[in-house]
file final.cif (mmCIF, C-alpha atoms and all ligand atoms)
data_coords
loop_
_atom_site.group_PDB
_atom_site.id
_atom_site.type_symbol
_atom_site.label_atom_id
_atom_site.label_comp_id
_atom_site.auth_asym_id
_atom_site.auth_seq_id
_atom_site.Cartn_x
_atom_site.Cartn_y
_atom_site.Cartn_z
ATOM 1 C CA MET A 1 0.000 0.000 0.000
ATOM 2 C CA HIS A 2 1.147 3.589 -0.690
ATOM 3 C CA LYS A 3 2.829 5.212 2.333
ATOM 4 C CA ASP A 4 0.326 8.118 2.367
ATOM 5 C CA ILE A 5 -2.704 5.836 2.535
ATOM 6 C CA GLN A 6 -4.195 5.067 5.937
ATOM 7 C CA GLU A 7 -6.706 2.451 4.890
ATOM 8 C CA GLU A 8 -7.704 0.712 1.685
ATOM 9 C CA LEU A 9 -11.482 1.251 1.449
ATOM 10 C CA VAL A 10 -12.379 -0.347 -1.856
ATOM 11 C CA THR A 11 -10.046 -2.879 -3.433
ATOM 12 C CA GLN A 12 -9.194 -3.341 -7.095
ATOM 13 C CA VAL A 13 -11.134 -6.629 -7.112
ATOM 14 C CA GLN A 14 -14.210 -5.028 -5.538
ATOM 15 C CA ILE A 15 -14.127 -2.234 -8.131
ATOM 16 C CA ALA A 16 -13.904 -4.738 -10.996
ATOM 17 C CA GLU A 17 -16.835 -6.749 -9.604
ATOM 18 C CA LYS A 18 -18.893 -3.580 -9.107
ATOM 19 C CA CYS A 19 -18.259 -2.439 -12.692
ATOM 20 C CA LYS A 20 -19.582 -5.805 -13.925
ATOM 21 C CA GLU A 21 -22.646 -5.531 -11.694
ATOM 22 C CA LEU A 22 -23.429 -1.908 -12.638
ATOM 23 C CA GLY A 23 -22.717 -2.580 -16.319
ATOM 24 C CA ALA A 24 -25.201 -5.478 -16.341
ATOM 25 C CA LEU A 25 -27.861 -3.384 -14.599
ATOM 26 C CA ILE A 26 -27.376 -0.421 -16.945
ATOM 27 C CA THR A 27 -27.472 -2.733 -19.993
ATOM 28 C CA LYS A 28 -30.739 -4.282 -18.770
ATOM 29 C CA ASP A 29 -32.385 -0.930 -17.956
ATOM 30 C CA TYR A 30 -31.531 0.748 -21.261
ATOM 31 C CA GLU A 31 -32.431 -2.360 -23.278
ATOM 32 C CA ALA A 32 -35.822 -2.377 -21.571
ATOM 33 C CA LYS A 33 -36.327 1.285 -22.523
ATOM 34 C CA ASN A 34 -34.912 0.633 -25.989
ATOM 35 C CA GLU A 35 -32.578 3.582 -25.547
ATOM 36 C CA ASN A 36 -28.925 4.034 -26.338
ATOM 37 C CA PRO A 37 -27.310 6.288 -23.720
ATOM 38 C CA LEU A 38 -24.466 8.670 -24.402
ATOM 39 C CA LEU A 39 -21.964 8.270 -21.567
ATOM 40 C CA VAL A 40 -20.690 11.651 -20.370
ATOM 41 C CA ALA A 41 -17.726 11.589 -18.004
ATOM 42 C CA LEU A 42 -16.529 14.524 -15.955
ATOM 43 C CA LEU A 43 -12.766 15.029 -16.179
ATOM 44 C CA LYS A 44 -10.465 14.032 -14.719
ATOM 45 C CA GLY A 45 -11.517 11.825 -11.816
ATOM 46 C CA SER A 46 -14.076 9.713 -13.682
ATOM 47 C CA ILE A 47 -11.726 8.436 -16.378
ATOM 48 C CA PRO A 48 -10.673 5.094 -14.806
ATOM 49 C CA PHE A 49 -14.304 4.368 -13.894
ATOM 50 C CA LEU A 50 -15.561 5.313 -17.381
ATOM 51 C CA SER A 51 -12.925 3.086 -18.920
ATOM 52 C CA ASP A 52 -13.801 0.016 -16.823
ATOM 53 C CA LEU A 53 -17.566 0.547 -16.712
ATOM 54 C CA MET A 54 -18.095 1.051 -20.450
ATOM 55 C CA LYS A 55 -16.533 -2.355 -21.173
ATOM 56 C CA GLU A 56 -19.260 -3.935 -19.034
ATOM 57 C CA ILE A 57 -22.154 -2.160 -20.777
ATOM 58 C CA HIS A 58 -23.203 -4.447 -23.604
ATOM 59 C CA ILE A 59 -25.186 -2.100 -25.809
ATOM 60 C CA ASP A 60 -24.418 -1.782 -29.522
ATOM 61 C CA ASN A 61 -23.055 1.523 -30.752
ATOM 62 C CA LEU A 62 -22.367 2.896 -27.274
ATOM 63 C CA GLU A 63 -20.549 6.237 -27.426
ATOM 64 C CA PHE A 64 -19.005 8.535 -24.846
ATOM 65 C CA ASP A 65 -17.975 12.143 -24.472
ATOM 66 C CA VAL A 66 -16.129 14.090 -21.770
ATOM 67 C CA MET A 67 -16.494 17.489 -20.205
ATOM 68 C CA SER A 68 -14.667 19.477 -17.589
ATOM 69 C CA VAL A 69 -16.315 21.928 -15.225
ATOM 70 C CA SER A 70 -15.242 23.969 -12.234
ATOM 71 C CA SER A 71 -17.162 25.858 -9.556
ATOM 72 C CA TYR A 72 -17.266 29.624 -9.386
ATOM 73 C CA ASP A 73 -15.901 31.188 -6.180
ATOM 74 C CA GLY A 74 -14.391 27.993 -4.841
ATOM 75 C CA ALA A 75 -15.769 26.976 -1.452
ATOM 76 C CA LYS A 76 -18.483 29.646 -1.551
ATOM 77 C CA SER A 77 -19.995 28.115 -4.674
ATOM 78 C CA LYS A 78 -23.761 28.169 -4.783
ATOM 79 C CA GLY A 79 -23.677 25.664 -7.556
ATOM 80 C CA ASP A 80 -22.792 27.927 -10.475
ATOM 81 C CA ILE A 81 -20.346 26.163 -12.706
ATOM 82 C CA ARG A 82 -17.999 27.197 -15.461
ATOM 83 C CA ILE A 83 -17.408 24.896 -18.415
ATOM 84 C CA ASP A 84 -13.653 24.453 -18.930
ATOM 85 C CA LEU A 85 -14.024 21.864 -21.685
ATOM 86 C CA ASP A 86 -17.346 21.442 -23.439
ATOM 87 C CA LEU A 87 -18.877 18.372 -25.047
ATOM 88 C CA ALA A 88 -18.231 17.669 -28.715
ATOM 89 C CA TYR A 89 -21.722 16.149 -29.124
ATOM 90 C CA SER A 90 -25.064 17.877 -29.472
ATOM 91 C CA LEU A 91 -27.434 16.623 -26.769
ATOM 92 C CA LYS A 92 -30.713 17.384 -28.547
ATOM 93 C CA GLY A 93 -33.024 14.467 -27.765
ATOM 94 C CA VAL A 94 -30.194 12.379 -26.300
ATOM 95 C CA SER A 95 -30.375 10.107 -23.234
ATOM 96 C CA VAL A 96 -27.319 10.937 -21.156
ATOM 97 C CA LEU A 97 -25.721 8.711 -18.562
ATOM 98 C CA LEU A 98 -23.436 10.946 -16.541
ATOM 99 C CA VAL A 99 -20.427 9.079 -15.142
ATOM 100 C CA GLU A 100 -19.085 10.437 -11.849
ATOM 101 C CA ASP A 101 -16.273 9.366 -9.545
ATOM 102 C CA ILE A 102 -17.789 10.565 -6.269
ATOM 103 C CA VAL A 103 -20.805 12.523 -5.037
ATOM 104 C CA ASP A 104 -20.162 14.523 -1.884
ATOM 105 C CA THR A 105 -22.201 17.752 -1.429
ATOM 106 C CA GLY A 106 -23.867 17.029 -4.771
ATOM 107 C CA THR A 107 -23.520 20.687 -5.793
ATOM 108 C CA THR A 108 -21.473 19.931 -8.924
ATOM 109 C CA LEU A 109 -23.740 17.121 -9.986
ATOM 110 C CA LYS A 110 -26.944 19.095 -9.572
ATOM 111 C CA ALA A 111 -25.547 21.974 -11.643
ATOM 112 C CA VAL A 112 -24.202 19.651 -14.353
ATOM 113 C CA LYS A 113 -27.495 17.787 -14.554
ATOM 114 C CA GLU A 114 -29.361 21.073 -15.119
ATOM 115 C CA LEU A 115 -26.783 22.127 -17.689
ATOM 116 C CA LEU A 116 -27.233 18.906 -19.665
ATOM 117 C CA TYR A 117 -31.014 19.349 -19.689
ATOM 118 C CA ASN A 118 -30.505 22.948 -20.848
ATOM 119 C CA LYS A 119 -28.408 21.582 -23.717
ATOM 120 C CA GLY A 120 -31.449 19.602 -24.856
ATOM 121 C CA ALA A 121 -30.904 16.158 -23.316
ATOM 122 C CA LYS A 122 -34.159 14.226 -23.147
ATOM 123 C CA ASP A 123 -33.076 12.296 -20.067
ATOM 124 C CA VAL A 124 -30.136 12.490 -17.651
ATOM 125 C CA LYS A 125 -29.270 9.609 -15.351
ATOM 126 C CA ILE A 126 -26.254 9.435 -13.070
ATOM 127 C CA VAL A 127 -23.867 6.608 -12.251
ATOM 128 C CA THR A 128 -21.294 7.199 -9.543
ATOM 129 C CA LEU A 129 -18.624 4.867 -8.245
ATOM 130 C CA LEU A 130 -18.687 6.381 -4.748
ATOM 131 C CA ASP A 131 -21.311 8.188 -2.715
ATOM 132 C CA LYS A 132 -20.749 10.090 0.537
ATOM 133 C CA PRO A 133 -24.380 10.615 1.640
ATOM 134 C CA GLU A 134 -23.366 12.370 4.899
ATOM 135 C CA GLY A 135 -21.863 15.230 2.896
ATOM 136 C CA ARG A 136 -24.996 15.973 0.868
ATOM 137 C CA VAL A 137 -26.149 19.591 0.591
ATOM 138 C CA ALA A 138 -27.849 19.727 -2.831
ATOM 139 C CA ASP A 139 -30.997 17.774 -3.510
ATOM 140 C CA VAL A 140 -29.625 15.249 -5.972
ATOM 141 C CA LYS A 141 -29.294 11.483 -6.020
ATOM 142 C CA ALA A 142 -27.405 9.143 -8.314
ATOM 143 C CA ASP A 143 -29.444 6.493 -10.119
ATOM 144 C CA TYR A 144 -26.648 3.912 -9.930
ATOM 145 C CA ILE A 145 -24.261 3.857 -6.968
ATOM 146 C CA GLY A 146 -21.175 1.674 -6.634
ATOM 147 C CA PHE A 147 -20.247 2.072 -2.979
ATOM 148 C CA GLU A 148 -21.548 4.237 -0.145
ATOM 149 C CA ILE A 149 -18.614 5.399 1.946
ATOM 150 C CA LYS A 150 -18.204 7.404 5.128
ATOM 151 C CA ASN A 151 -17.392 11.093 5.109
ATOM 152 C CA GLU A 152 -13.602 10.858 4.708
ATOM 153 C CA PHE A 153 -11.256 12.214 2.076
ATOM 154 C CA VAL A 154 -10.384 9.431 -0.318
ATOM 155 C CA VAL A 155 -7.983 9.169 -3.235
ATOM 156 C CA GLY A 156 -7.080 6.651 -5.918
ATOM 157 C CA TYR A 157 -8.758 5.167 -9.011
ATOM 158 C CA GLY A 158 -8.995 8.639 -10.551
ATOM 159 C CA LEU A 159 -9.559 10.606 -7.338
ATOM 160 C CA ASP A 160 -6.824 13.039 -6.435
ATOM 161 C CA TYR A 161 -5.329 15.270 -3.805
ATOM 162 C CA ASN A 162 -3.474 18.110 -5.577
ATOM 163 C CA GLN A 163 -3.610 16.043 -8.777
ATOM 164 C CA LYS A 164 -1.761 13.126 -7.164
ATOM 165 C CA TYR A 165 -2.751 9.532 -6.305
ATOM 166 C CA ARG A 166 -5.046 9.196 -9.348
ATOM 167 C CA ASN A 167 -3.055 6.177 -10.523
ATOM 168 C CA LEU A 168 -3.636 4.038 -7.425
ATOM 169 C CA PRO A 169 -5.680 1.007 -8.535
ATOM 170 C CA TYR A 170 -7.789 1.063 -5.334
ATOM 171 C CA VAL A 171 -9.676 3.718 -3.324
ATOM 172 C CA GLY A 172 -8.025 4.598 -0.027
ATOM 173 C CA VAL A 173 -8.340 7.069 2.834
ATOM 174 C CA LEU A 174 -5.559 9.643 2.686
ATOM 175 C CA LYS A 175 -3.545 10.102 5.886
ATOM 176 C CA ARG A 176 -4.503 13.398 7.553
ATOM 177 C CA SER A 177 -0.817 14.248 7.958
ATOM 178 C CA VAL A 178 -0.610 14.674 4.174
ATOM 179 C CA TYR A 179 -3.043 17.598 4.072
ATOM 180 C CA GLU A 180 -3.045 19.038 7.602
HETATM 181 P P1 LIG B 1 -19.545 17.730 -4.779
HETATM 182 O O1 LIG B 1 -19.985 18.838 -5.693
HETATM 183 O O2 LIG B 1 -19.274 18.221 -3.392
HETATM 184 O O3 LIG B 1 -20.462 16.544 -4.775
HETATM 185 O O4 LIG B 1 -18.100 17.305 -5.248
HETATM 186 C C1 LIG B 1 -17.854 16.417 -6.222
HETATM 187 C C2 LIG B 1 -16.414 16.499 -6.636
HETATM 188 O O5 LIG B 1 -15.552 16.846 -5.529
HETATM 189 C C3 LIG B 1 -15.956 15.139 -7.117
HETATM 190 O O6 LIG B 1 -16.205 14.979 -8.481
HETATM 191 C C4 LIG B 1 -14.486 15.166 -6.754
HETATM 192 O O7 LIG B 1 -13.755 15.760 -7.784
HETATM 193 C C5 LIG B 1 -14.405 16.045 -5.516
HETATM 194 N N1 LIG B 1 -14.379 15.235 -4.271
HETATM 195 C C6 LIG B 1 -15.356 15.105 -3.354
HETATM 196 N N2 LIG B 1 -14.985 14.283 -2.361
HETATM 197 C C7 LIG B 1 -13.731 13.868 -2.658
HETATM 198 C C8 LIG B 1 -12.793 12.974 -2.010
HETATM 199 O O8 LIG B 1 -13.028 12.374 -0.940
HETATM 200 N N3 LIG B 1 -11.603 12.809 -2.655
HETATM 201 C C9 LIG B 1 -11.285 13.427 -3.823
HETATM 202 N N4 LIG B 1 -12.134 14.251 -4.449
HETATM 203 C C10 LIG B 1 -13.344 14.481 -3.884
#

call {"tool": "encode", "arguments": {"input": "final.cif", "output": "structure tokens"}}
result
Amino acid sequence: MHKDIQEELVTQVQIAEKCKELGALITKDYEAKNENPLLVALLKGSIPFLSDLMKEIHIDNLEFDVMSVSSYDGAKSKGDIRIDLDLAYSLKGVSVLLVEDIVDTGTTLKAVKELLYNKGAKDVKIVTLLDKPEGRVADVKADYIGFEIKNEFVVGYGLDYNQKYRNLPYVGVLKRSVYE
């Protein structure tokens, strides 16, 4: 284990199993609706999850796009977001499946969901690998959740602290001494 990690919360094996499980569920749900979702991943944290999850979604002609957003006014954000990198696709009439790494306050997710509807999406569903329900401020809920975790700062499998630790193959709690 990395020296800065206090505890491994979700192992590489558990993540792989969860991607299979979520992929099967998503495949079943969209087949039943006869819809082909466009996967939209938020950079950068969702990339490992997008990569593993999409291989477990067995729908023909599945496509994905990425976007990058940041909050206005940092910690004081009321949920206004700025688009740093926009989607290449038009969303008019499209069913979007938004792929997230973690939902904490839910502020980002709520704003992004509204933004995607404003861009013309006909439906927006959310899949998140991790959910920290104790941190929730905004009224938003993911439709597919990998793991509910306690309210601790985690890194790995795409999640960072100062852009580091994204390459860890598991999700772990960062030692407080690293950021305090
Ligand atoms: P929210 O708007 O508070 O739900 O924040 C969501 C974003 O904050 C995620 O997409 C992450 O980029 C970041 N974030 C929230 N909790 C953590 C964490 O424990 N580790 C790393 N990043 C986090």

call {"tool": "residues_near_ligand", "arguments": {"input": "final.cif", "ligand": "ligand LIG 1 (chain B)", "cutoff": "7 Å", "atoms": "all atoms listed in the file", "output": "list in words"}}
result
Gly45, Glu100, Asp101, Ile102, Val103, Asp104, Thr105, Gly106, Thr107, Thr108, Leu109, Glu152, Phe153, Val154, Val155, Leu159, Asp160 and Tyr161 of chain A

call {"tool": "atom_distance", "arguments": {"input": "final.cif", "atom1": "CA of Tyr165 in chain A", "atom2": "CA of Phe49 in chain A"}}
result
14.8 Å

call {"tool": "residues_around", "arguments": {"input": "final.cif", "residues": "Phe147 in chain A", "least_positions_apart": "2", "cutoff": "8 Å", "atoms": "only C-alpha atoms", "output": "list in words"}}
result
Leu129, Leu130, Asp131, Ile145 and Ile149 of chain A

call {"tool": "closest_residue", "arguments": {"input": "final.cif", "among": "A:Ser177, A:Gly146, A:Arg82, A:Gly93", "to": "Leu115 in chain A", "atoms": "only C-alpha atoms"}}
result
A:Arg82

call {"tool": "atom_distance", "arguments": {"input": "final.cif", "atom1": "CA of Leu25 in chain A", "atom2": "CA of Lys125 in chain A"}}
result
13.1 Å

call {"tool": "closest_residue", "arguments": {"input": "final.cif", "among": "A:Leu87, A:Val171, A:Ala111, A:Leu39", "to": "Ser70 in chain A", "atoms": "only C-alpha atoms"}}
result
A:Ala111

call {"tool": "decode", "arguments": {"input": "final.cif", "residues": "range 43-54 of chain A", "atoms": "all heavy atoms", "output": "tab-separated table (two decimals), in the first residue's frame"}}
result
chain	number	residue	atom	x	y	z
A	43	LEU	N	-14.22	15.12	-16.36
A	43	LEU	CA	-12.77	15.03	-16.18
A	43	LEU	C	-12.38	15.58	-14.82
A	43	LEU	O	-13.06	16.46	-14.31
A	43	LEU	CB	-12.05	15.82	-17.26
A	43	LEU	CG	-12.27	15.33	-18.70
A	43	LEU	CD1	-11.55	16.27	-19.67
A	43	LEU	CD2	-11.76	13.92	-18.87
A	44	LYS	N	-11.26	15.15	-14.23
A	44	LYS	CA	-10.47	14.03	-14.72
A	44	LYS	C	-10.79	12.76	-13.94
A	44	LYS	O	-10.49	11.65	-14.36
A	44	LYS	CB	-8.97	14.32	-14.51
A	44	LYS	CG	-8.44	15.55	-15.19
A	44	LYS	CD	-6.96	15.73	-14.76
A	44	LYS	CE	-6.40	17.03	-15.26
A	44	LYS	NZ	-5.09	17.31	-14.66
A	45	GLY	N	-11.38	12.93	-12.76
A	45	GLY	CA	-11.52	11.83	-11.82
A	45	GLY	C	-12.29	10.61	-12.30
A	45	GLY	O	-12.07	9.50	-11.83
A	46	SER	N	-13.20	10.82	-13.27
A	46	SER	CA	-14.08	9.71	-13.68
A	46	SER	C	-13.47	8.81	-14.75
A	46	SER	O	-14.10	7.83	-15.16
A	46	SER	CB	-15.40	10.27	-14.22
A	46	SER	OG	-15.96	11.14	-13.31
A	47	ILE	N	-12.29	9.16	-15.24
A	47	ILE	CA	-11.73	8.44	-16.38
A	47	ILE	C	-11.48	6.93	-16.13
A	47	ILE	O	-11.90	6.10	-16.94
A	47	ILE	CB	-10.44	9.15	-16.89
A	47	ILE	CG1	-10.83	10.50	-17.51
A	47	ILE	CG2	-9.68	8.32	-17.90
A	47	ILE	CD1	-11.83	10.41	-18.67
A	48	PRO	N	-10.84	6.54	-15.02
A	48	PRO	CA	-10.67	5.09	-14.81
A	48	PRO	C	-12.01	4.36	-14.71
A	48	PRO	O	-12.17	3.26	-15.25
A	48	PRO	CB	-9.91	5.01	-13.48
A	48	PRO	CG	-9.21	6.33	-13.37
A	48	PRO	CD	-10.15	7.33	-13.98
A	49	PHE	N	-12.98	4.99	-14.04
A	49	PHE	CA	-14.30	4.37	-13.89
A	49	PHE	C	-15.00	4.27	-15.25
A	49	PHE	O	-15.56	3.22	-15.60
A	49	PHE	CB	-15.12	5.18	-12.88
A	49	PHE	CG	-16.48	4.61	-12.57
A	49	PHE	CD1	-16.66	3.25	-12.36
A	49	PHE	CD2	-17.59	5.45	-12.46
A	49	PHE	CE1	-17.92	2.73	-12.07
A	49	PHE	CE2	-18.84	4.95	-12.17
A	49	PHE	CZ	-19.01	3.58	-11.97
A	50	LEU	N	-14.97	5.34	-16.04
A	50	LEU	CA	-15.56	5.31	-17.38
A	50	LEU	C	-14.96	4.17	-18.19
A	50	LEU	O	-15.67	3.37	-18.81
A	50	LEU	CB	-15.30	6.64	-18.11
A	50	LEU	CG	-15.63	6.63	-19.61
A	50	LEU	CD1	-17.14	6.62	-19.84
A	50	LEU	CD2	-14.99	7.80	-20.33
A	51	SER	N	-13.64	4.08	-18.13
A	51	SER	CA	-12.93	3.09	-18.92
A	51	SER	C	-13.33	1.65	-18.55
A	51	SER	O	-13.57	0.82	-19.43
A	51	SER	CB	-11.42	3.29	-18.71
A	51	SER	OG	-10.71	2.21	-19.22
A	52	ASP	N	-13.43	1.38	-17.26
A	52	ASP	CA	-13.80	0.02	-16.82
A	52	ASP	C	-15.29	-0.26	-16.99
A	52	ASP	O	-15.70	-1.35	-17.41
A	52	ASP	CB	-13.39	-0.21	-15.36
A	52	ASP	CG	-11.87	-0.33	-15.23
A	52	ASP	OD1	-11.21	-0.65	-16.25
A	52	ASP	OD2	-11.35	-0.12	-14.12
A	53	LEU	N	-16.11	0.75	-16.66
A	53	LEU	CA	-17.57	0.55	-16.71
A	53	LEU	C	-18.06	0.33	-18.15
A	53	LEU	O	-18.88	-0.55	-18.40
A	53	LEU	CB	-18.28	1.76	-16.09
A	53	LEU	CG	-19.80	1.72	-16.12
A	53	LEU	CD1	-20.33	0.63	-15.18
A	53	LEU	CD2	-20.40	3.08	-15.73
A	54	MET	N	-17.55	1.13	-19.08
A	54	MET	CA	-18.09	1.05	-20.45
A	54	MET	C	-17.87	-0.34	-21.07
A	54	MET	O	-18.68	-0.78	-21.88
A	54	MET	CB	-17.53	2.16	-21.34
A	54	MET	CG	-16.07	2.04	-21.64
A	54	MET	SD	-15.45	3.52	-22.47
A	54	MET	CE	-16.29	3.42	-24.01
